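Below is one structure, written out as structure tokens; the observations come after it.
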There are 2 protein chains.
Amino acid sequence: MLDRVNDRPSAGRPGGRAELGILGAGQLARMDLEAAIALDLDVLVLAGGAGDAAVRAGARARVGDHRELAVLEAFASEVDVVTFEFEGVDPAHLAALERAGHRLVPSAAAKLYAQDKLHQRRALAAAGFPVPPFAHARTMIDVLGFVAAHGWPVVMKAPRGGYDGRGVLVAGTEAEAAAYLAGLPGGALLEPALAIECELAVQVARTSDGRMRTYPVVETIQRDAMLRELVCPAEISADHALQACELARGIVAHVGATGIAAVELFVAPEGLLVNELALRPHNSGHHTIEATVTSQFEQHLRAALDWPLGETRLRAPAAVTVNVIGPLDGSDPRSRLSEALAVPGAHVHLYGKDPRPGRKLGHVTALGRDRASARTTAWRAARILEGTT
Amino acid sequence: MLDRVNDRPSAGRPGGRAELGILGAGQLARMDLEAAIALDLDVLVLAGGAGDAAVRAGARARVGDHRELAVLEAFASEVDVVTFEFEGVDPAHLAALERAGHRLVPSAAAKLYAQDKLHQRRALAAAGFPVPPFAHARTMIDVLGFVAAHGWPVVMKAPRGGYDGRGVLVAGTEAEAAAYLAGLPGGALLEPALAIECELAVQVARTSDGRMRTYPVVETIQRDAMLRELVCPAEISADHALQACELARGIVAHVGATGIAAVELFVAPEGLLVNELALRPHNSGHHTIEATVTSQFEQHLRAALDWPLGETRLRAPAAVTVNVIGPLDGSDPRSRLSEALAVPGAHVHLYGKDPRPGRKLGHVTALGRDRASARTTAWRAARILEGTT
């Protein structure tokens with residue numbers, strides 16, 4: 001039913017089913033695949049096309065549209081466990097897969113926390129976790145009521161479907177707010193513009209029997225609403241770091257997440273506030289490939305199979321990862337790879353994606369004695385790849 | 001002409017040729033592939049069958065018999081650079097490929113040092129490198145002459161085609177020697193049984209313009225004539241370590257090797273002696289995946305393309321790698337993978353090969369504060385995989 005790419009003799013598992021199926025075949029699935037090769041795990045990916053990053057790296061693939069339930073059902077029937085590299089799968093489809101007996105990592109109920117921002121805010125607030133002030137606006141009366149309490153500008157988010165800043169408007173006037181709200185049939189999630197000191201992320205892996213492993217806290221630096229750089233460990237007090245880890249573990253356990261999760265946090269004057277959850281490998285954990293004993297990708301595979309989780313400690317005092325973004329001139333960082341490899345200590349990862357301005361095409365990680373030296377190395381190689389030196 | 005496996009849209013390189021072609025598709029090509037994915041290099045492998053380790057991991061492959069020149073020619077015409085994961089390709093075929101304009105890494109002339117033990121001994125001895133006493137025996141008169149000088153037993157080696165101890169006989173009597181010699185039309189390489197203190201290996205990468213990088217010296221421990229364990233850094237004096245590195249660099253430069261090379265050395269009462277050369281990634285460098293900044297596999301790709309070489313320093317005080325050998329009961333280490341992953345700090349690599357007693361099926365690497373702790377961890381996981389705990 002689905003087109004097959006990179007098909008080959010399977011490892012001869014009973015029933016011929018793959019151990020793990022990944023919905024999505026971009027760079028996250030590609031890095032899952034790298035971890036799977038070392039462990040000889042049998043992975044199948046659902047790709048949108050034969051040119052997807054994971055497929056180009058050799059992943060056994062089925063090609064189909066993940067918005068169609070029939071496609072998801074056919075794919076799920078070929079694997080033991082279904083997991084994800086993105087959030088944007090219809091929650092109703094996921095519930096249908098579970099009713100049909102397929103095992104999802106994370107479950108449909110947990111995944112909803114990463115898919116529906118309004119659900120996340122309501123459920124976490126109800127459970128006592130610190131979230132920013134928020135409201136659900138269906139009409140401009142709701143918006144103006146929220147503004148009366150918190151002032152302009154107001155941050156308006158589409159509850160579903162957004163990532164990397166898409167679906168988010170910082171509205172400065174009533175007219176802007178009204179125009180945006182008119183395009184959101186289900187209404188908008190409203191938040192005040194917070195006075196954020198910095199943003200953090202914490203990776204937590206969890207198995208279905210509740211075992212967990214937490215990674216050292218990362219500081220993330222966004223540019224154009226997209227992760228640009230991450231620094232590990234975050235330059236925060238030990239007390240803050242402990243709080244962030246405890247908060248992330250508490251949320252992951254409360255949500256009942258399985259696999260790897262990234263909990264994104266704001267450091268605000270009032271303390272730590274939950275930003276978003278990603279229930280899958282996440283850009284804020286790319287440094288773990290080199291920087292920690294077990295990468296987030298290997299950890300995700302272990303957790304998805306309910307296997308022993310690996311150690312998460314750092315192997316160097318500091319690590320920095322810088323994303324490689326497609327430059328405005330449309331040139332391909334791949335063409336400057338050999339120059340970037342001349343930077344001592346730079347670990348270059350390219351995703352095999354066609355270059356487009358603003359697209360994440362790879363990343364560079366550097367380890368160092370301190371954050372400054374790691375940052376210098378990672379940026380040097382990233383700038384070479386982006387052609388901005 | 002050749003069967004295609006895992007074929008897929010190429011990265012769109014001019015002429016559609018892959019950057020690198022690897023002759024062979026076993027675990028070494030599989031680990032080359034892992035490094036190639038991160039760098040988005042376009043690799044094609046020549047496999048003996050669709051079930052080969054690298055093909056199972058998703059390598060784009062052509063299936064054919066590397067003993068046929070026509071197969072090699074067809075394969076070489078699809079790639080910019082031909083490299084190797086083994087030694088056993090007919091030297092005459094390699095010379096023919098070069099005459100036809102194909103670029104080999106290493107060259108046919110360099111590769112001969114790894115393919116023909118007699119050539120290696122003669123050429124290195126002539127250049128003043130320390131090799132064990134040796135002779136070329138065509139008849140039993142030659143053997144008895146050598147024994148008169150060095151005594152029994154005599155080590156008899158087939159000059160070509162041996163690896164992992166195959167093609168080597170330690171002959172204790174004239175009858176044994178005669179029987180073995182009768183089966184070697186080209187004669188045997190003779191060596192005395194050396195009083196070896198330990199065996200070392202040094203990885204050296206070299207580009208065609210003569211740039212080199214040397215890895216920290218490794219001690220290798222053999223069992224049943226197969227590498228069983230490696231310890232890095234080798235427990236030898238700083239002076240010995242320096243000598244070993246200098247010797248390895250000198251040999252690699254003299255040979256004109258390109259790509260990664262492993263120089264295997266004996267520590268004998270008379271000093272360091274050259275054992276063998278492997279002009280390809282080698283089992284004695286598997287620890288580099290986790291233990292050094294740049295793995296031998298990534299380094300091989302960089303060197304083969306004449307790109308900048310990566311740093312080779314250790315990222316931990318000590319590293320130990322233990323091979324996972326197919327157990328006598330024929331059971332598959334894969335079935336015990338989840339148990340092995342419970343060992344903290346054990347990096348498990350399985351090659352996706354069908355289990356057979358005595359076959360190398362994977363390896364485990366552990367880093368540690370010292371050799372003893374790394375050794376304990378690596379052996380614990382390896383024993384679990386082998387089912388001997």
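The way I read the labels, and the way they are meant: chains A, B, ... in the order of the structure tokens, residue 1 as the first residue of every chain, and ligand 1 as the first ligand shown, with later ones counted on from there.
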Can you list every residue of chain A that has an atom at most 7 Å from chain B, with its nearest atom pair and the distance in Å to one decimal, using only C-alpha atoms, ordered by chain then number, as a tab-separated table?
residue	atom	partner	partner_atom	distance
A:Asn6	CA	B:Asn6	CA	4.2
A:Asp7	CA	B:Asn6	CA	6.5
A:Pro9	CA	B:Gly51	CA	6.5
A:Glu34	CA	B:Glu34	CA	6.2
A:Ile37	CA	B:Ala57	CA	5.9
A:Ala38	CA	B:His349	CA	4.7
A:Leu39	CA	B:Leu350	CA	5.4
A:Asp40	CA	B:Leu350	CA	5.5
A:Gly51	CA	B:Pro9	CA	6.6
A:Ala57	CA	B:Ile37	CA	5.9
A:Gly58	CA	B:Gly58	CA	4.1
A:Ala59	CA	B:Gly58	CA	6.0
A:Val293	CA	B:Gly345	CA	6.7
A:Trp307	CA	B:Ser338	CA	5.6
A:Pro308	CA	B:Ala342	CA	5.1
A:Gly310	CA	B:Pro344	CA	6.6
A:Glu311	CA	B:Pro344	CA	6.3
A:Ser338	CA	B:Trp307	CA	5.6
A:Leu341	CA	B:Pro308	CA	6.0
A:Ala342	CA	B:Pro308	CA	5.1
A:Pro344	CA	B:Glu311	CA	6.3
A:Gly345	CA	B:Glu311	CA	6.5
A:Val348	CA	B:Leu39	CA	6.5
A:His349	CA	B:Ala38	CA	4.7
A:Leu350	CA	B:Leu39	CA	5.4
A:Tyr351	CA	B:Asp40	CA	6.4
A:Gly352	CA	B:Asp40	CA	5.6
Can I get the selected residues back with N, CA and C atoms, as a short mmCIF file (atom, residue, chain, number, x, y, z; two decimals), in the first residue's frame?
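result10.cif was written with the following content:
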data_model
loop_
_atom_site.label_atom_id
_atom_site.label_comp_id
_atom_site.auth_asym_id
_atom_site.auth_seq_id
_atom_site.Cartn_x
_atom_site.Cartn_y
_atom_site.Cartn_z
N ASN A 6 14.49 2.04 0.20
CA ASN A 6 15.57 1.40 0.95
C ASN A 6 15.15 0.06 1.53
N ASP A 7 14.22 -0.61 0.87
CA ASP A 7 13.82 -1.90 1.42
C ASP A 7 14.95 -2.90 1.24
N PRO A 9 16.59 -6.97 3.05
CA PRO A 9 16.29 -8.10 3.94
C PRO A 9 16.27 -7.61 5.38
N GLU A 34 21.10 6.93 13.24
CA GLU A 34 22.52 6.75 13.53
C GLU A 34 22.70 5.96 14.83
N ILE A 37 21.74 2.24 14.26
CA ILE A 37 22.71 1.41 13.55
C ILE A 37 23.69 0.79 14.55
N ALA A 38 24.19 1.60 15.48
CA ALA A 38 25.17 1.08 16.43
C ALA A 38 24.57 -0.04 17.28
N LEU A 39 23.29 0.08 17.63
CA LEU A 39 22.65 -0.94 18.46
C LEU A 39 21.99 -2.03 17.62
N ASP A 40 22.11 -1.92 16.30
CA ASP A 40 21.48 -2.88 15.39
C ASP A 40 19.98 -3.00 15.64
N GLY A 51 13.14 11.92 -0.68
CA GLY A 51 14.29 12.80 -0.47
C GLY A 51 14.43 13.26 0.97
N ALA A 57 19.75 9.01 4.29
CA ALA A 57 20.79 8.37 5.10
C ALA A 57 20.63 6.85 5.10
N GLY A 58 19.60 6.34 4.45
CA GLY A 58 19.47 4.90 4.32
C GLY A 58 18.39 4.25 5.15
N ALA A 59 17.58 5.05 5.84
CA ALA A 59 16.52 4.46 6.67
C ALA A 59 15.56 3.66 5.78
N VAL A 293 27.27 10.86 28.02
CA VAL A 293 27.60 9.45 27.82
C VAL A 293 26.61 8.80 26.86
N TRP A 307 13.91 -0.32 27.73
CA TRP A 307 15.20 -0.91 28.06
C TRP A 307 15.89 -0.09 29.14
N PRO A 308 16.99 -0.56 29.68
CA PRO A 308 17.72 0.25 30.66
C PRO A 308 18.12 1.59 30.04
N GLY A 310 20.47 4.99 29.72
CA GLY A 310 21.92 5.20 29.82
C GLY A 310 22.27 6.42 30.66
N GLU A 311 23.55 6.51 31.00
CA GLU A 311 24.03 7.63 31.80
C GLU A 311 23.90 8.95 31.04
N SER A 338 34.48 21.04 3.88
CA SER A 338 35.89 20.73 4.15
C SER A 338 36.56 21.88 4.89
N LEU A 341 35.69 21.66 8.54
CA LEU A 341 36.37 20.57 9.24
C LEU A 341 37.79 20.95 9.64
N ALA A 342 38.25 22.08 9.15
CA ALA A 342 39.59 22.55 9.56
C ALA A 342 39.55 23.18 10.95
N PRO A 344 39.58 22.97 14.63
CA PRO A 344 39.87 21.87 15.57
C PRO A 344 38.75 21.73 16.60
N GLY A 345 38.28 20.50 16.79
CA GLY A 345 37.30 20.23 17.83
C GLY A 345 35.86 20.50 17.44
N VAL A 348 30.83 18.45 13.16
CA VAL A 348 29.88 18.94 12.17
C VAL A 348 28.85 17.85 11.86
N HIS A 349 27.59 18.26 11.86
CA HIS A 349 26.50 17.36 11.46
C HIS A 349 25.69 18.05 10.37
N LEU A 350 25.65 17.44 9.21
CA LEU A 350 24.81 17.96 8.13
C LEU A 350 23.69 16.96 7.87
N TYR A 351 22.53 17.50 7.53
CA TYR A 351 21.33 16.65 7.52
C TYR A 351 20.93 16.14 6.13
N GLY A 352 21.67 16.55 5.10
CA GLY A 352 21.31 16.06 3.77
C GLY A 352 20.02 16.67 3.25
#
Env of Ile196 of chain B: 6 Å cut, atoms = only C-alpha atoms, seq-sep filter 2 positions within chain, self excluded. Answer as a compact mmCIF listing (two decimals) with C-alpha atoms, in the first residue's frame.
# COMPACT_ATOMS: atom_id res chain seq x y z
CA LEU B 194 59.42 -14.23 19.12
CA CYS B 198 53.04 -7.26 24.29
CA VAL B 267 57.33 -5.16 21.95
CA ALA B 268 60.22 -7.64 22.08
I want to know what sits within 10 Å of Leu184 of chain A, based on only C-alpha atoms, with residues of the same chain fewer than 2 positions away left out; could you give that as a ChimeraX atom specification? /A:137-138,157-159,167,179-182,186-188
Could you pull out all residues of segment 37-211 of chain A with a DSSP call of strand (DSSP E or B) and give them as a PyMOL selection string? chain A and resi 43-47+60-63+79-84+103-105+116+135-137+154-157+160+168-171+188-192+198-206
Output N, CA and C atoms for every residue in that selection, as a compact mmCIF listing (two decimals), in the first residue's frame.
# COMPACT_ATOMS: atom_id res chain seq x y z
N VAL A 43 14.63 -0.27 12.48
CA VAL A 43 13.80 0.93 12.47
C VAL A 43 13.15 1.10 11.10
N LEU A 44 11.92 1.55 11.10
CA LEU A 44 11.21 1.89 9.87
C LEU A 44 10.70 3.32 10.04
N VAL A 45 10.84 4.15 9.02
CA VAL A 45 10.35 5.53 9.13
C VAL A 45 9.21 5.76 8.14
N LEU A 46 8.30 6.63 8.54
CA LEU A 46 7.25 7.08 7.62
C LEU A 46 7.70 8.42 7.05
N ALA A 47 7.98 8.43 5.76
CA ALA A 47 8.53 9.63 5.12
C ALA A 47 7.46 10.30 4.27
N ARG A 60 15.18 2.48 6.25
CA ARG A 60 14.08 1.76 5.60
C ARG A 60 12.85 2.63 5.75
N ALA A 61 12.15 2.85 4.67
CA ALA A 61 11.07 3.85 4.72
C ALA A 61 9.82 3.38 4.01
N ARG A 62 8.70 3.90 4.51
CA ARG A 62 7.45 3.87 3.78
C ARG A 62 7.11 5.31 3.47
N VAL A 63 6.64 5.55 2.27
CA VAL A 63 6.32 6.92 1.89
C VAL A 63 4.81 7.08 1.89
N VAL A 79 5.22 -2.32 12.58
CA VAL A 79 6.20 -2.05 13.64
C VAL A 79 5.65 -2.44 15.01
N ASP A 80 6.56 -2.68 15.95
CA ASP A 80 6.14 -3.01 17.32
C ASP A 80 5.72 -1.77 18.10
N VAL A 81 6.48 -0.70 17.93
CA VAL A 81 6.26 0.53 18.68
C VAL A 81 6.29 1.70 17.70
N VAL A 82 5.31 2.59 17.84
CA VAL A 82 5.29 3.79 17.00
C VAL A 82 5.81 4.96 17.81
N THR A 83 6.80 5.65 17.28
CA THR A 83 7.25 6.85 17.95
C THR A 83 7.33 8.00 16.94
N PHE A 84 7.85 9.14 17.35
CA PHE A 84 7.64 10.38 16.60
C PHE A 84 8.92 11.17 16.44
N ARG A 103 1.01 0.33 19.95
CA ARG A 103 1.68 0.96 21.08
C ARG A 103 2.37 2.24 20.63
N LEU A 104 2.02 3.36 21.25
CA LEU A 104 2.62 4.64 20.89
C LEU A 104 3.55 5.11 22.00
N VAL A 105 4.68 5.66 21.61
CA VAL A 105 5.64 6.26 22.55
C VAL A 105 5.92 7.69 22.10
N ASP A 116 -1.14 20.51 21.85
CA ASP A 116 -2.17 21.51 22.11
C ASP A 116 -1.71 22.38 23.27
N ALA A 135 -4.86 32.91 28.93
CA ALA A 135 -6.32 32.85 28.78
C ALA A 135 -6.62 32.28 27.40
N HIS A 136 -7.82 31.78 27.26
CA HIS A 136 -8.28 31.31 25.97
C HIS A 136 -9.22 32.36 25.40
N ALA A 137 -8.85 32.93 24.26
CA ALA A 137 -9.68 33.98 23.67
C ALA A 137 -10.43 33.44 22.46
N VAL A 154 0.18 41.70 23.54
CA VAL A 154 -0.29 40.40 23.99
C VAL A 154 0.25 39.33 23.03
N VAL A 155 0.73 38.25 23.59
CA VAL A 155 1.24 37.15 22.76
C VAL A 155 0.08 36.21 22.44
N MET A 156 -0.19 36.06 21.17
CA MET A 156 -1.31 35.22 20.72
C MET A 156 -0.76 33.97 20.03
N LYS A 157 -1.18 32.82 20.52
CA LYS A 157 -0.67 31.56 19.95
C LYS A 157 -1.81 30.70 19.42
N ARG A 160 -2.77 24.85 18.33
CA ARG A 160 -2.20 23.66 17.69
C ARG A 160 -1.42 24.01 16.43
N VAL A 168 2.59 32.07 16.11
CA VAL A 168 2.67 32.98 17.26
C VAL A 168 2.71 34.43 16.74
N LEU A 169 1.83 35.26 17.30
CA LEU A 169 1.85 36.68 16.96
C LEU A 169 1.98 37.49 18.24
N VAL A 170 2.90 38.42 18.22
CA VAL A 170 2.96 39.39 19.31
C VAL A 170 2.15 40.60 18.84
N ALA A 171 0.93 40.73 19.34
CA ALA A 171 0.02 41.77 18.85
C ALA A 171 0.18 43.03 19.69
N ALA A 188 -7.59 31.67 20.34
CA ALA A 188 -6.15 31.81 20.57
C ALA A 188 -5.80 31.63 22.04
N LEU A 189 -4.59 31.14 22.27
CA LEU A 189 -4.03 31.16 23.62
C LEU A 189 -3.35 32.51 23.80
N LEU A 190 -3.73 33.20 24.87
CA LEU A 190 -3.14 34.52 25.13
C LEU A 190 -2.14 34.43 26.27
N GLU A 191 -1.04 35.14 26.11
CA GLU A 191 -0.07 35.27 27.20
C GLU A 191 0.49 36.68 27.19
N PRO A 192 0.91 37.19 28.34
CA PRO A 192 1.55 38.50 28.33
C PRO A 192 2.95 38.38 27.74
N CYS A 198 16.23 34.37 30.58
CA CYS A 198 16.80 33.44 29.61
C CYS A 198 15.86 32.25 29.47
N GLU A 199 16.17 31.39 28.50
CA GLU A 199 15.37 30.20 28.29
C GLU A 199 16.21 28.96 28.56
N LEU A 200 15.60 27.99 29.18
CA LEU A 200 16.28 26.75 29.52
C LEU A 200 15.57 25.57 28.86
N ALA A 201 16.28 24.47 28.77
CA ALA A 201 15.63 23.23 28.35
C ALA A 201 16.24 22.08 29.15
N VAL A 202 15.39 21.14 29.49
CA VAL A 202 15.84 19.95 30.22
C VAL A 202 15.31 18.72 29.49
N GLN A 203 16.22 17.83 29.10
CA GLN A 203 15.82 16.55 28.51
C GLN A 203 15.57 15.54 29.62
N VAL A 204 14.45 14.85 29.52
CA VAL A 204 14.14 13.77 30.48
C VAL A 204 13.69 12.57 29.67
N ALA A 205 14.29 11.42 29.96
CA ALA A 205 13.83 10.18 29.33
C ALA A 205 13.00 9.41 30.35
N ARG A 206 11.94 8.77 29.87
CA ARG A 206 11.10 8.00 30.79
C ARG A 206 10.59 6.74 30.09
Pick out each residue of segment 133-295 of chain A that DSSP on the backbone tags as helix (DSSP H, G or I); I need them as a ChimeraX atom specification. /A:140-150,174-182,238-255,283-285,288-291
Measuring atom to atom with only C-alpha atoms, identify which of B:Lys360, B:Val218, B:Arg383, B:His282 is nearest to Ala318 of chain B.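 Distance minimum relative to Ala318 of chain B lands on B:Val218.
One distance worth recording is that between atom CA of Cys232 of chain B and atom CA of Pro317 of chain A, which is 22.0 Å.
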Excluding same-chain residues fewer than 4 positions from Asn283 of chain B, what lies within 9 Å of it counting only C-alpha atoms, as a list in words?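 These residues fall inside the cut-off: Leu28, Leu227, Leu230, Ala262, His287 and Asn323 of chain B.
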